[in-house]
$ cat work-v1.cif   # mmCIF, C-alpha atoms
data_target
#
loop_
_atom_site.label_atom_id
_atom_site.label_comp_id
_atom_site.auth_asym_id
_atom_site.auth_seq_id
_atom_site.Cartn_x
_atom_site.Cartn_y
_atom_site.Cartn_z
CA MET A 1 6.07 -62.68 16.37
CA SER A 2 4.45 -60.71 19.18
CA GLY A 3 7.19 -58.53 20.67
CA VAL A 4 6.91 -54.79 20.04
CA ASN A 5 10.14 -54.67 18.03
CA GLN A 6 9.09 -57.70 15.97
CA ILE A 7 5.66 -56.23 15.20
CA ARG A 8 7.12 -52.90 14.12
CA THR A 9 9.59 -54.64 11.81
CA ALA A 10 6.93 -56.99 10.41
CA PHE A 11 4.63 -54.07 9.61
CA LEU A 12 7.30 -52.14 7.74
CA ASP A 13 8.58 -55.23 5.92
CA TYR A 14 5.06 -56.21 4.85
CA PHE A 15 4.42 -52.85 3.23
CA ALA A 16 7.91 -52.68 1.72
CA HIS A 17 7.13 -56.01 0.05
CA LYS A 18 3.94 -54.39 -1.27
CA GLY A 19 5.88 -51.60 -2.99
CA HIS A 20 5.98 -49.02 -0.20
CA GLU A 21 8.98 -46.87 0.63
CA LYS A 22 10.09 -47.29 4.24
CA VAL A 23 10.30 -43.75 5.60
CA ALA A 24 12.00 -43.00 8.91
CA SER A 25 10.05 -41.30 11.67
CA SER A 26 10.20 -37.53 11.58
CA SER A 27 11.15 -35.45 14.61
CA LEU A 28 8.68 -34.87 17.43
CA VAL A 29 9.20 -31.17 16.70
CA PRO A 30 7.25 -30.54 13.46
CA HIS A 31 9.26 -28.68 10.86
CA ASN A 32 6.45 -28.18 8.34
CA ASP A 33 3.49 -27.21 10.53
CA PRO A 34 3.78 -24.23 12.89
CA THR A 35 0.27 -24.92 14.22
CA LEU A 36 1.42 -28.11 15.96
CA MET A 37 3.32 -28.23 19.22
CA PHE A 38 4.39 -31.85 18.67
CA THR A 39 4.12 -34.43 15.91
CA ASN A 40 0.97 -36.32 16.87
CA ALA A 41 0.28 -38.58 13.87
CA GLY A 42 2.06 -40.43 11.10
CA MET A 43 0.69 -38.20 8.36
CA VAL A 44 2.26 -35.00 9.74
CA GLN A 45 5.51 -35.41 7.82
CA PHE A 46 3.51 -36.08 4.62
CA LYS A 47 1.09 -33.16 4.96
CA ASN A 48 2.65 -31.18 2.11
CA VAL A 49 2.67 -34.29 -0.07
CA PHE A 50 -1.06 -34.78 0.42
CA THR A 51 -1.76 -31.13 -0.41
CA GLY A 52 0.44 -31.25 -3.52
CA VAL A 53 2.95 -28.68 -2.26
CA GLU A 54 5.75 -31.26 -2.07
CA LYS A 55 6.66 -34.08 -4.44
CA ARG A 56 8.31 -37.34 -3.41
CA ALA A 57 10.06 -39.98 -5.49
CA TYR A 58 7.52 -42.58 -4.37
CA ALA A 59 3.73 -42.89 -4.42
CA ARG A 60 3.50 -45.36 -1.52
CA ALA A 61 5.09 -45.05 1.92
CA ALA A 62 5.12 -46.79 5.30
CA SER A 63 6.46 -45.53 8.60
CA ALA A 64 6.63 -46.06 12.35
CA GLN A 65 6.17 -42.53 13.66
CA LYS A 66 6.99 -41.40 17.18
CA CYS A 67 4.17 -39.20 18.51
CA VAL A 68 3.47 -37.06 21.57
CA ARG A 69 0.05 -35.91 22.72
CA ALA A 70 0.55 -33.70 25.76
CA GLY A 71 -0.35 -30.18 24.76
CA GLY A 72 -3.04 -28.19 23.01
CA LYS A 73 -6.24 -30.01 22.05
CA HIS A 74 -4.37 -33.31 21.72
CA ASN A 75 -3.66 -33.90 25.40
CA ASP A 76 -3.67 -37.26 27.16
CA LEU A 77 -1.49 -36.27 30.13
CA ASP A 78 -4.10 -36.28 32.89
CA ASN A 79 -5.30 -39.79 32.05
CA VAL A 80 -1.88 -41.45 31.80
CA GLY A 81 -1.37 -44.09 34.44
CA TYR A 82 -5.05 -44.45 35.24
CA THR A 83 -6.34 -46.12 32.07
CA ALA A 84 -5.30 -49.11 29.98
CA ARG A 85 -4.21 -47.20 26.91
CA HIS A 86 -3.60 -43.48 27.41
CA HIS A 87 -0.06 -42.31 26.66
CA THR A 88 1.85 -39.07 26.22
CA PHE A 89 4.27 -40.85 23.87
CA PHE A 90 3.23 -43.60 21.46
CA GLU A 91 4.17 -45.06 18.10
CA MET A 92 1.87 -44.86 15.12
CA LEU A 93 2.33 -47.39 12.33
CA GLY A 94 1.02 -46.15 9.01
CA ASN A 95 0.83 -46.82 5.30
CA PHE A 96 0.19 -44.04 2.83
CA SER A 97 -0.82 -43.74 -0.80
CA PHE A 98 -0.28 -40.46 -2.62
CA GLY A 99 -2.72 -40.78 -5.52
CA ASP A 100 -1.87 -44.46 -6.05
CA TYR A 101 -4.19 -47.13 -4.59
CA PHE A 102 -7.40 -46.10 -2.89
CA LYS A 103 -10.15 -47.74 -0.83
CA GLU A 104 -9.99 -51.25 -2.22
CA GLY A 105 -6.20 -51.39 -2.00
CA ALA A 106 -6.13 -49.98 1.53
CA ILE A 107 -8.76 -52.37 2.84
CA GLU A 108 -7.19 -55.38 1.15
CA LEU A 109 -3.70 -54.54 2.45
CA ALA A 110 -5.01 -54.02 5.98
CA TRP A 111 -7.12 -57.18 6.00
CA ASN A 112 -4.32 -59.40 4.75
CA LEU A 113 -1.86 -58.00 7.28
CA ILE A 114 -3.99 -58.42 10.38
CA THR A 115 -5.42 -61.83 9.47
CA ARG A 116 -2.63 -63.58 7.56
CA GLU A 117 0.54 -61.97 8.92
CA PHE A 118 -0.56 -61.00 12.42
CA GLY A 119 -3.00 -63.87 12.85
CA LEU A 120 -5.81 -62.00 14.59
CA ASN A 121 -8.99 -63.98 15.17
CA VAL A 122 -11.27 -63.13 12.24
CA ASP A 123 -14.40 -63.77 14.31
CA ARG A 124 -13.47 -60.98 16.73
CA LEU A 125 -12.94 -58.29 14.10
CA LEU A 126 -15.49 -55.66 13.10
CA VAL A 127 -15.30 -52.29 11.35
CA THR A 128 -16.98 -48.93 11.09
CA VAL A 129 -17.54 -46.85 7.96
CA TYR A 130 -18.89 -43.34 7.46
CA HIS A 131 -22.68 -43.53 7.24
CA ASP A 132 -22.93 -42.69 3.52
CA ASP A 133 -19.75 -44.46 2.36
CA ASP A 134 -21.43 -47.29 0.48
CA GLU A 135 -18.24 -48.05 -1.43
CA ALA A 136 -16.27 -48.88 1.73
CA TYR A 137 -19.25 -50.83 3.10
CA ASP A 138 -19.41 -53.00 -0.02
CA LEU A 139 -15.62 -53.48 -0.09
CA TRP A 140 -15.55 -54.83 3.47
CA LYS A 141 -18.26 -57.30 2.51
CA LYS A 142 -16.32 -58.36 -0.56
CA ILE A 143 -12.81 -58.56 0.94
CA ALA A 144 -13.49 -59.67 4.53
CA GLY A 145 -16.76 -61.50 3.97
CA PHE A 146 -18.41 -59.53 6.77
CA ASN A 147 -22.16 -59.60 7.23
CA ASP A 148 -24.13 -56.43 7.96
CA SER A 149 -23.78 -56.75 11.74
CA ARG A 150 -20.00 -56.42 11.58
CA ILE A 151 -19.94 -53.27 9.42
CA ILE A 152 -21.28 -50.38 11.48
CA ARG A 153 -22.25 -47.09 9.85
CA ILE A 154 -21.24 -44.04 11.92
CA ALA A 155 -22.59 -40.57 11.11
CA THR A 156 -20.40 -38.54 13.48
CA SER A 157 -17.08 -36.80 12.86
CA ASP A 158 -15.33 -39.83 14.40
CA ASN A 159 -15.58 -41.36 10.95
CA PHE A 160 -14.82 -38.30 8.86
CA TRP A 161 -11.32 -36.82 8.92
CA SER A 162 -10.20 -33.37 7.86
CA MET A 163 -6.81 -31.68 7.87
CA GLY A 164 -8.32 -28.37 8.96
CA ASP A 165 -10.97 -25.85 7.95
CA THR A 166 -9.79 -26.29 4.38
CA GLY A 167 -7.74 -28.91 2.55
CA PRO A 168 -7.91 -32.67 1.96
CA CYS A 169 -10.55 -34.62 3.88
CA GLY A 170 -12.56 -37.79 3.64
CA PRO A 171 -14.40 -40.63 5.35
CA CYS A 172 -12.69 -43.12 7.67
CA SER A 173 -13.01 -46.81 8.33
CA GLU A 174 -11.89 -47.97 11.78
CA ILE A 175 -10.98 -51.56 12.60
CA PHE A 176 -12.00 -52.92 16.01
CA TYR A 177 -11.23 -56.07 17.98
CA ASP A 178 -13.69 -57.62 20.42
CA GLN A 179 -11.65 -58.43 23.54
CA GLY A 180 -14.43 -60.48 25.09
CA GLU A 181 -17.33 -60.29 27.50
CA ALA A 182 -15.05 -60.09 30.54
CA LEU A 183 -14.53 -56.40 29.71
CA LYS A 184 -17.23 -53.76 29.90
CA GLY A 185 -18.37 -51.81 26.88
CA GLY A 186 -20.45 -52.03 23.74
CA PRO A 187 -19.66 -51.90 20.03
CA PRO A 188 -18.95 -48.59 18.27
CA GLY A 189 -22.03 -46.45 17.88
CA SER A 190 -23.69 -47.87 20.99
CA PRO A 191 -24.34 -45.89 24.22
CA ASP A 192 -21.52 -47.69 26.05
CA GLU A 193 -18.99 -47.61 23.21
CA ASP A 194 -16.34 -46.02 25.45
CA GLY A 195 -15.74 -49.23 27.37
CA ASP A 196 -12.67 -51.39 26.91
CA ARG A 197 -14.27 -54.44 25.28
CA PHE A 198 -14.17 -53.21 21.66
CA LEU A 199 -10.71 -51.84 20.93
CA GLU A 200 -10.13 -49.62 17.90
CA PHE A 201 -6.59 -50.24 16.71
CA TRP A 202 -6.38 -49.11 13.07
CA ASN A 203 -7.92 -46.16 11.26
CA LEU A 204 -8.04 -46.02 7.46
CA VAL A 205 -8.61 -42.50 6.11
CA PHE A 206 -9.87 -42.18 2.55
CA MET A 207 -8.85 -38.69 1.38
CA GLN A 208 -11.21 -38.14 -1.52
CA TYR A 209 -12.41 -34.54 -1.11
CA GLU A 210 -11.03 -31.06 -0.69
CA GLN A 211 -12.78 -28.80 1.80
CA VAL A 212 -12.82 -25.51 -0.13
CA ALA A 213 -15.16 -23.62 2.22
CA PRO A 214 -17.55 -24.38 5.09
CA GLY A 215 -20.13 -26.81 3.74
CA GLN A 216 -18.45 -26.97 0.34
CA ARG A 217 -16.37 -29.94 -0.83
CA ALA A 218 -14.95 -30.88 -4.20
CA PRO A 219 -13.62 -34.29 -5.31
CA LEU A 220 -9.84 -34.61 -5.26
CA PRO A 221 -8.33 -35.42 -8.67
CA ARG A 222 -6.00 -37.99 -7.06
CA PRO A 223 -7.58 -39.54 -3.96
CA SER A 224 -5.08 -40.70 -1.34
CA ILE A 225 -4.79 -42.97 1.71
CA ASP A 226 -3.60 -42.18 5.24
CA THR A 227 -3.72 -44.90 7.89
CA GLY A 228 -2.72 -45.03 11.53
CA MET A 229 -2.34 -48.07 13.79
CA GLY A 230 -1.30 -47.76 17.44
CA LEU A 231 1.73 -50.03 17.90
CA GLU A 232 1.06 -50.42 21.61
CA ARG A 233 -2.54 -51.43 20.93
CA ILE A 234 -1.80 -54.05 18.28
CA ALA A 235 0.98 -55.41 20.51
CA ALA A 236 -1.48 -55.81 23.38
CA LEU A 237 -3.89 -57.71 21.12
CA MET A 238 -1.15 -59.98 19.80
CA GLN A 239 0.26 -60.60 23.27
CA GLY A 240 -3.17 -61.42 24.69
CA VAL A 241 -3.28 -58.63 27.29
CA THR A 242 -5.96 -55.99 27.77
CA SER A 243 -3.70 -53.14 28.91
CA ASN A 244 -0.98 -51.51 26.83
CA TYR A 245 1.10 -51.38 30.00
CA ASP A 246 1.26 -55.17 30.11
CA ILE A 247 3.10 -55.55 26.78
CA ASP A 248 6.74 -56.59 26.78
CA LEU A 249 8.13 -53.08 26.29
CA PHE A 250 6.31 -51.58 29.25
CA ARG A 251 6.95 -54.63 31.41
CA ALA A 252 10.67 -54.05 30.91
CA LEU A 253 10.34 -50.40 31.95
CA THR A 254 8.08 -50.94 34.95
CA GLY A 255 10.27 -53.87 35.99
CA ALA A 256 13.25 -51.52 36.11
CA VAL A 257 11.23 -49.08 38.23
CA ALA A 258 10.37 -51.90 40.63
CA ASP A 259 14.02 -52.96 40.83
CA TYR A 260 15.10 -49.48 41.93
CA THR A 261 12.19 -48.68 44.26
CA GLY A 262 11.23 -52.08 45.65
CA ALA A 263 7.56 -51.32 44.98
CA PRO A 264 5.78 -54.17 43.12
CA VAL A 265 4.45 -53.35 39.67
CA ASP A 266 1.10 -55.05 40.22
CA GLY A 267 0.50 -53.66 43.69
CA PRO A 268 -1.67 -50.73 44.79
CA GLN A 269 0.90 -48.28 43.39
CA GLY A 270 0.65 -49.62 39.85
CA ALA A 271 -0.49 -46.26 38.48
CA SER A 272 2.80 -44.68 39.56
CA HIS A 273 4.77 -47.35 37.71
CA ARG A 274 2.74 -46.71 34.57
CA VAL A 275 3.15 -42.93 34.81
CA ILE A 276 6.93 -43.23 35.17
CA ALA A 277 7.26 -45.69 32.28
CA ASP A 278 5.16 -43.58 29.93
CA HIS A 279 6.73 -40.26 30.91
CA LEU A 280 10.24 -41.71 30.64
CA ARG A 281 9.55 -42.46 26.98
CA ALA A 282 8.11 -39.02 26.26
CA SER A 283 10.88 -37.20 28.13
CA SER A 284 13.70 -39.18 26.55
CA PHE A 285 12.44 -38.88 22.98
CA LEU A 286 11.75 -35.16 23.36
CA VAL A 287 15.27 -34.56 24.69
CA SER A 288 16.74 -36.63 21.85
CA ASP A 289 14.87 -34.38 19.40
CA GLY A 290 16.34 -31.23 20.91
CA VAL A 291 13.70 -30.12 23.43
CA THR A 292 15.03 -29.00 26.83
CA PRO A 293 13.08 -28.30 30.03
CA SER A 294 12.11 -24.63 30.31
CA ASN A 295 9.31 -22.34 31.44
CA GLU A 296 7.64 -21.88 28.08
CA GLY A 297 6.37 -23.70 25.02
CA ARG A 298 7.55 -27.21 24.29
CA GLY A 299 10.14 -27.02 27.04
CA TYR A 300 7.46 -26.40 29.62
CA VAL A 301 5.38 -29.34 28.46
CA LEU A 302 8.52 -31.46 28.80
CA ARG A 303 9.12 -30.09 32.30
CA ARG A 304 5.53 -30.90 33.29
CA ILE A 305 5.89 -34.47 32.02
CA MET A 306 9.20 -34.93 33.81
CA ARG A 307 7.96 -33.49 37.09
CA ARG A 308 4.79 -35.56 37.07
CA ALA A 309 6.92 -38.69 36.73
CA MET A 310 9.31 -37.47 39.42
CA ARG A 311 6.41 -36.91 41.82
CA HIS A 312 5.32 -40.51 41.23
CA ALA A 313 8.88 -41.72 41.84
CA GLN A 314 8.65 -40.02 45.23
CA LEU A 315 5.32 -41.78 45.87
CA LEU A 316 7.08 -45.11 45.25
CA GLY A 317 9.62 -44.27 47.94
CA ALA A 318 12.57 -43.15 45.80
CA LYS A 319 14.96 -41.27 48.09
CA GLU A 320 17.16 -39.95 45.32
CA PRO A 321 16.74 -39.10 41.62
CA LEU A 322 15.37 -42.13 39.78
CA MET A 323 14.49 -41.25 36.20
CA TRP A 324 18.03 -40.98 34.84
CA LYS A 325 18.78 -44.51 36.05
CA LEU A 326 16.01 -45.87 33.80
CA ALA A 327 17.42 -44.43 30.57
CA PRO A 328 19.63 -47.48 29.78
CA THR A 329 16.60 -49.80 29.97
CA LEU A 330 14.67 -47.61 27.53
CA VAL A 331 17.62 -47.42 25.14
CA ALA A 332 18.03 -51.20 25.29
CA GLU A 333 14.36 -51.66 24.36
CA MET A 334 13.99 -48.98 21.67
CA GLY A 335 17.46 -47.90 20.60
CA GLN A 336 17.69 -50.25 17.64
CA ALA A 337 14.53 -48.82 16.08
CA TYR A 338 15.42 -45.25 17.05
CA PRO A 339 19.20 -44.75 16.98
CA GLU A 340 18.79 -41.13 18.05
CA LEU A 341 18.14 -42.52 21.54
CA VAL A 342 21.54 -44.21 21.53
CA ARG A 343 23.28 -41.06 20.33
CA ALA A 344 21.55 -38.92 22.96
CA GLN A 345 21.69 -41.37 25.88
CA SER A 346 24.17 -39.32 27.92
CA LEU A 347 22.26 -36.11 27.27
CA ILE A 348 18.99 -37.78 28.25
CA ALA A 349 20.44 -39.08 31.53
CA ASP A 350 22.10 -35.76 32.36
CA THR A 351 18.91 -33.80 31.64
CA LEU A 352 16.75 -36.12 33.73
CA LEU A 353 19.21 -36.04 36.63
CA SER A 354 19.52 -32.25 36.57
CA GLU A 355 15.76 -31.68 36.42
CA GLU A 356 14.95 -34.19 39.15
CA THR A 357 17.68 -32.85 41.42
CA ARG A 358 16.28 -29.32 41.06
CA PHE A 359 12.69 -30.42 41.55
CA ARG A 360 13.33 -32.58 44.62
CA ALA A 361 14.68 -29.50 46.38
CA THR A 362 11.23 -27.86 46.31
CA LEU A 363 8.96 -30.91 46.11
CA ALA A 364 8.83 -31.63 49.85
CA ARG A 365 8.03 -28.02 50.76
CA GLY A 366 5.37 -27.74 48.08
CA LEU A 367 3.70 -30.96 49.19
CA ALA A 368 3.77 -29.76 52.80
CA ILE A 369 1.93 -26.59 51.78
CA LEU A 370 -0.55 -28.67 49.80
CA ASP A 371 -1.20 -30.84 52.87
CA GLU A 372 -1.68 -27.76 55.07
CA GLU A 373 -4.09 -26.11 52.65
CA THR A 374 -6.20 -29.23 52.14
CA ALA A 375 -6.26 -30.55 55.71
CA ALA A 376 -9.85 -29.41 56.19
CA LEU A 377 -11.02 -30.39 52.70
CA GLY A 378 -12.88 -33.55 51.81
CA GLN A 379 -14.05 -35.39 48.73
CA GLY A 380 -15.75 -33.04 46.29
CA ASP A 381 -14.11 -29.91 47.70
CA LYS A 382 -11.75 -27.64 45.76
CA LEU A 383 -8.32 -26.25 46.56
CA SER A 384 -8.25 -22.48 46.14
CA GLY A 385 -6.91 -21.27 42.81
CA GLU A 386 -4.59 -18.82 44.57
CA THR A 387 -2.91 -21.68 46.44
CA ALA A 388 -2.56 -23.67 43.22
CA PHE A 389 -0.98 -20.62 41.60
CA LYS A 390 1.43 -20.16 44.52
CA LEU A 391 2.49 -23.79 44.18
CA TYR A 392 3.12 -23.19 40.48
CA ASP A 393 4.82 -19.83 40.79
CA THR A 394 6.97 -20.46 43.88
CA TYR A 395 7.53 -24.21 43.96
CA GLY A 396 7.41 -25.18 40.30
CA PHE A 397 4.27 -27.30 40.60
CA PRO A 398 2.46 -27.43 37.24
CA LEU A 399 -1.31 -27.35 37.72
CA ASP A 400 -1.70 -30.92 36.52
CA LEU A 401 0.79 -32.13 39.15
CA THR A 402 -1.27 -30.45 41.89
CA GLU A 403 -4.42 -32.04 40.46
CA ASP A 404 -2.69 -35.40 40.30
CA ALA A 405 -1.60 -35.17 43.94
CA LEU A 406 -5.18 -34.40 45.02
CA ARG A 407 -6.85 -37.00 42.81
CA PRO A 408 -6.73 -39.90 45.35
CA ARG A 409 -8.64 -37.75 47.87
CA GLY A 410 -11.28 -36.64 45.38
CA ILE A 411 -10.31 -32.96 45.73
CA GLY A 412 -10.34 -30.63 42.74
CA VAL A 413 -8.84 -27.22 42.01
CA ASP A 414 -10.60 -23.90 41.43
CA LYS A 415 -9.30 -23.45 37.90
CA GLU A 416 -11.19 -20.21 37.32
CA ILE A 417 -9.22 -18.42 40.05
CA PHE A 418 -6.00 -20.12 38.97
CA ASN A 419 -6.50 -18.98 35.38
CA ALA A 420 -7.23 -15.43 36.55
CA ALA A 421 -3.95 -15.37 38.47
CA MET A 422 -2.15 -16.68 35.41
CA GLU A 423 -3.72 -13.99 33.24
CA ARG A 424 -2.53 -11.30 35.65
CA GLN A 425 0.98 -12.72 35.35
CA ARG A 426 0.71 -12.70 31.56
CA ALA A 427 -0.42 -9.07 31.60
CA ASP A 428 2.46 -8.08 33.88
CA ALA A 429 4.91 -9.87 31.58
CA ARG A 430 3.55 -8.02 28.56
CA LYS A 431 3.85 -4.66 30.34
CA ALA A 432 7.43 -5.40 31.37
CA TRP A 433 8.47 -6.52 27.88
CA SER A 434 11.15 -4.12 26.62
CA GLY A 435 11.16 -5.36 23.05
CA SER A 436 13.78 -7.18 21.03
CA GLY A 437 12.29 -7.33 17.58
CA GLU A 438 9.94 -10.10 18.69
CA THR A 439 6.56 -10.24 20.33
CA ALA A 440 6.36 -11.24 23.98
CA THR A 441 6.84 -14.91 24.63
CA GLU A 442 3.84 -17.08 25.32
CA ALA A 443 2.60 -17.57 28.86
CA LEU A 444 4.58 -19.79 31.15
CA TRP A 445 1.51 -21.97 31.58
CA PHE A 446 -1.11 -22.57 28.95
CA ALA A 447 -4.49 -24.19 29.18
CA LEU A 448 -4.75 -27.66 27.74
#
$ encode --input "work-v1.cif" --output "structure tokens"
Amino acid sequence: MSGVNQIRTAFLDYFAHKGHEKVASSSLVPHNDPTLMFTNAGMVQFKNVFTGVEKRAYARAASAQKCVRAGGKHNDLDNVGYTARHHTFFEMLGNFSFGDYFKEGAIELAWNLITREFGLNVDRLLVTVYHDDDEAYDLWKKIAGFNDSRIIRIATSDNFWSMGDTGPCGPCSEIFYDQGEALKGGPPGSPDEDGDRFLEFWNLVFMQYEQVAPGQRAPLPRPSIDTGMGLERIAALMQGVTSNYDIDLFRALTGAVADYTGAPVDGPQGASHRVIADHLRASSFLVSDGVTPSNEGRGYVLRRIMRRAMRHAQLLGAKEPLMWKLAPTLVAEMGQAYPELVRAQSLIADTLLSEETRFRATLARGLAILDEETAALGQGDKLSGETAFKLYDTYGFPLDLTEDALRPRGIGVDKEIFNAAMERQRADARKAWSGSGETATEALWFAL
């Protein structure tokens, strides 16, 4: 049991057996939170349940939630393709208790799943707790038998979660796996904690307070549990690989890219394969949830994701639109878990083909201008912000695509000038707005 689809099913079945309601993933377009561009965590669809606004027929739930982080403060776009575990689209496995079990139940359920059901090596596991959460500290000792060295107290906000300036909040306990000395990095809380050796794969949030004002918290009458486990991360651990892009699901997608382009997955162009595979998932799921490419809002984020992937297809030597050809492979891998992909397969393919056809018409000219403007630049230099804006405004190059194209040469972009040009365009748009009972639409480009 190590395939992505098997792990997802095993997680949901385990919690169903423990009295949890299996709840389908909600849409990537949040319907209950206007502050979010995309659903970015499993708890989003339960937010009103946690706050008491909404009642459900169950007190325990489990879900596999599709998530996108590619806009606003939750943005992983620039790193995708260049690290082992950054994604724009990912799946979050979670179990939730709405005033039912609390810390002991959550820790016991998690420990039994990862050690008995998933078979992770107990000797490689360690956890963090919030620095003053003695209850969680003692429970890990009791349930897992950990000694002091494997329960690390963390005093930063990494181990304290809040829904916002007000509302439910509480300490967290994160579960880590030591992937071995071959990888760089130290344990959580150490100066080199950002390395790859110690992988955080499950976060248990103990909602026990309500933030009523800055610096003022009150105990919740019915403490609750919110957990989130990255499916791609646990799959990598169970499949014995150190990169999410080496799990079976991504190998199927990058293999399809290699079949169409002839470029080997594990060659020097591996980053392009990873970008395409990740962005194919994000693009397809967003389209299946009703988002279409456009020049504003969610549609523009989708367009940026699509065009970044399409630029990397060109880097791999694709002479004609590629992305739409990959849709059947994605549907074959994920369609059983997410039937909306099957229903929208034709729409996904048509949207990808249309967008790539349009973009390829201007891609070559835009890249030629980029080459001309950077011919005299070297590592550490910056492309002028005016040129970056021209590429955006005339040739449809999102800023991050320009940055991505310049990354291999170590050239940056003067974002201050670019942002000033964007602000002038915003101001002109506001002046030209004739009114229709609405306020002017948001800017065509927004800072991440």
$ resolve_selection --input "work-v1.cif" --expression "the PyMOL selection byres ((chain A and resi 180-185) around 12)" --output "number ranges by chain"
A: 84, 121, 123-125, 177-179, 186-199, 237, 240-243
$ closest_residue --input "work-v1.cif" --among "A:Asp100, A:Asp266, A:Asp158, A:Glu296" --to "Pro398 of chain A" --atoms "all atoms listed in the file"
A:Glu296
$ resolve_selection --input "work-v1.cif" --expression "the PyMOL selection byres ((chain A and resi 408) around 12)" --output "ChimeraX atom specification"
/A:82,268-269,271,378-380,402-407,409-412
$ resolve_selection --input "work-v1.cif" --expression "the PyMOL selection byres ((chain A and resi 65) around 7)" --output "list of chain:residue names"
A:Ser25, A:Ser26, A:Gly42, A:Ser63, A:Ala64, A:Lys66, A:Cys67, A:Glu91, A:Met92, A:Leu93
$ residues_around --input "work-v1.cif" --residues "segment 299-311 of chain A" --least-positions-apart "2" --cutoff "9 Å" --atoms "only C-alpha atoms" --output "number ranges by chain"
A: 70-71, 77, 88, 272-273, 275-280, 282-283, 286-287, 291-297, 313-316, 321-323, 352, 355-356, 359-360, 363, 396-401, 404-405, 444-445
$ closest_residue --input "work-v1.cif" --among "A:Phe160, A:Pro214, A:Glu320, A:Arg298" --to "Ala361 of chain A" --atoms "all atoms listed in the file"
A:Glu320
$ axis_aligned_box --input "work-v1.cif" --around "segment 11-17 of chain A" --padding-each-side "4 Å" --output "lines of an AutoDock Vina configuration file"
center_x = 6.5
center_y = -54.2
center_z = 4.8
size_x = 12.2
size_y = 12.1
size_z = 17.6
$ closest_residue --input "work-v1.cif" --among "A:Asp165, A:Asp226, A:Asp138, A:Asp248" --to "Ser2 of chain A" --atoms "only C-alpha atoms"
A:Asp248
$ residues_near_point --input "work-v1.cif" --point "(0.0, -23.4, 46.4)" --cutoff "10 Å" --atoms "all atoms listed in the file" --output "list in words"
Gly366, Leu367, Ala368, Ile369, Leu370, Asp371, Glu372, Glu373, Leu383, Ser384, Gly385, Glu386, Thr387, Ala388, Phe389, Lys390, Leu391, Tyr392, Asp393, Thr394, Tyr395, Gly396, Phe397, Leu399 and Thr402 of chain A
$ atom_distance --input "work-v1.cif" --atom1 "atom CA of Glu117 of chain A" --atom2 "atom CA of Ile151 of chain A"
22.3 Å
$ atom_distance --input "work-v1.cif" --atom1 "atom CA of Ile247 of chain A" --atom2 "atom CA of Asn203 of chain A"
21.2 Å
$ closest_residue --input "work-v1.cif" --among "A:Leu249, A:Leu139, A:Ile107, A:Val265" --to "Trp202 of chain A" --atoms "all atoms listed in the file"
A:Ile107
$ decode --input "work-v1.cif" --residues "segment 363-374 of chain A" --atoms "N, CA and C atoms" --output "tab-separated table (two decimals), in the first residue's frame"
chain	number	residue	atom	x	y	z
A	363	LEU	N	4.71	34.09	-27.96
A	363	LEU	CA	5.83	33.64	-27.13
A	363	LEU	C	7.17	33.90	-27.80
A	364	ALA	N	7.30	33.52	-29.07
A	364	ALA	CA	8.59	33.66	-29.76
A	364	ALA	C	9.02	35.12	-29.83
A	365	ARG	N	8.07	36.02	-30.16
A	365	ARG	CA	8.42	37.43	-30.26
A	365	ARG	C	8.81	37.99	-28.89
A	366	GLY	N	8.07	37.62	-27.87
A	366	GLY	CA	8.38	38.10	-26.54
A	366	GLY	C	9.75	37.64	-26.07
A	367	LEU	N	10.08	36.39	-26.34
A	367	LEU	CA	11.39	35.86	-25.95
A	367	LEU	C	12.51	36.54	-26.72
A	368	ALA	N	12.24	36.87	-27.99
A	368	ALA	CA	13.24	37.57	-28.80
A	368	ALA	C	13.54	38.95	-28.20
A	369	ILE	N	12.49	39.64	-27.78
A	369	ILE	CA	12.68	40.95	-27.13
A	369	ILE	C	13.45	40.78	-25.83
A	370	LEU	N	13.12	39.75	-25.08
A	370	LEU	CA	13.82	39.49	-23.82
A	370	LEU	C	15.30	39.25	-24.08
A	371	ASP	N	15.62	38.48	-25.11
A	371	ASP	CA	17.02	38.22	-25.46
A	371	ASP	C	17.73	39.52	-25.85
A	372	GLU	N	17.06	40.36	-26.64
A	372	GLU	CA	17.66	41.62	-27.08
A	372	GLU	C	17.95	42.52	-25.88
A	373	GLU	N	17.01	42.60	-24.98
A	373	GLU	CA	17.13	43.53	-23.85
A	373	GLU	C	18.12	43.05	-22.79
A	374	THR	N	18.44	41.77	-22.80
A	374	THR	CA	19.35	41.24	-21.77
A	374	THR	C	20.69	40.81	-22.34
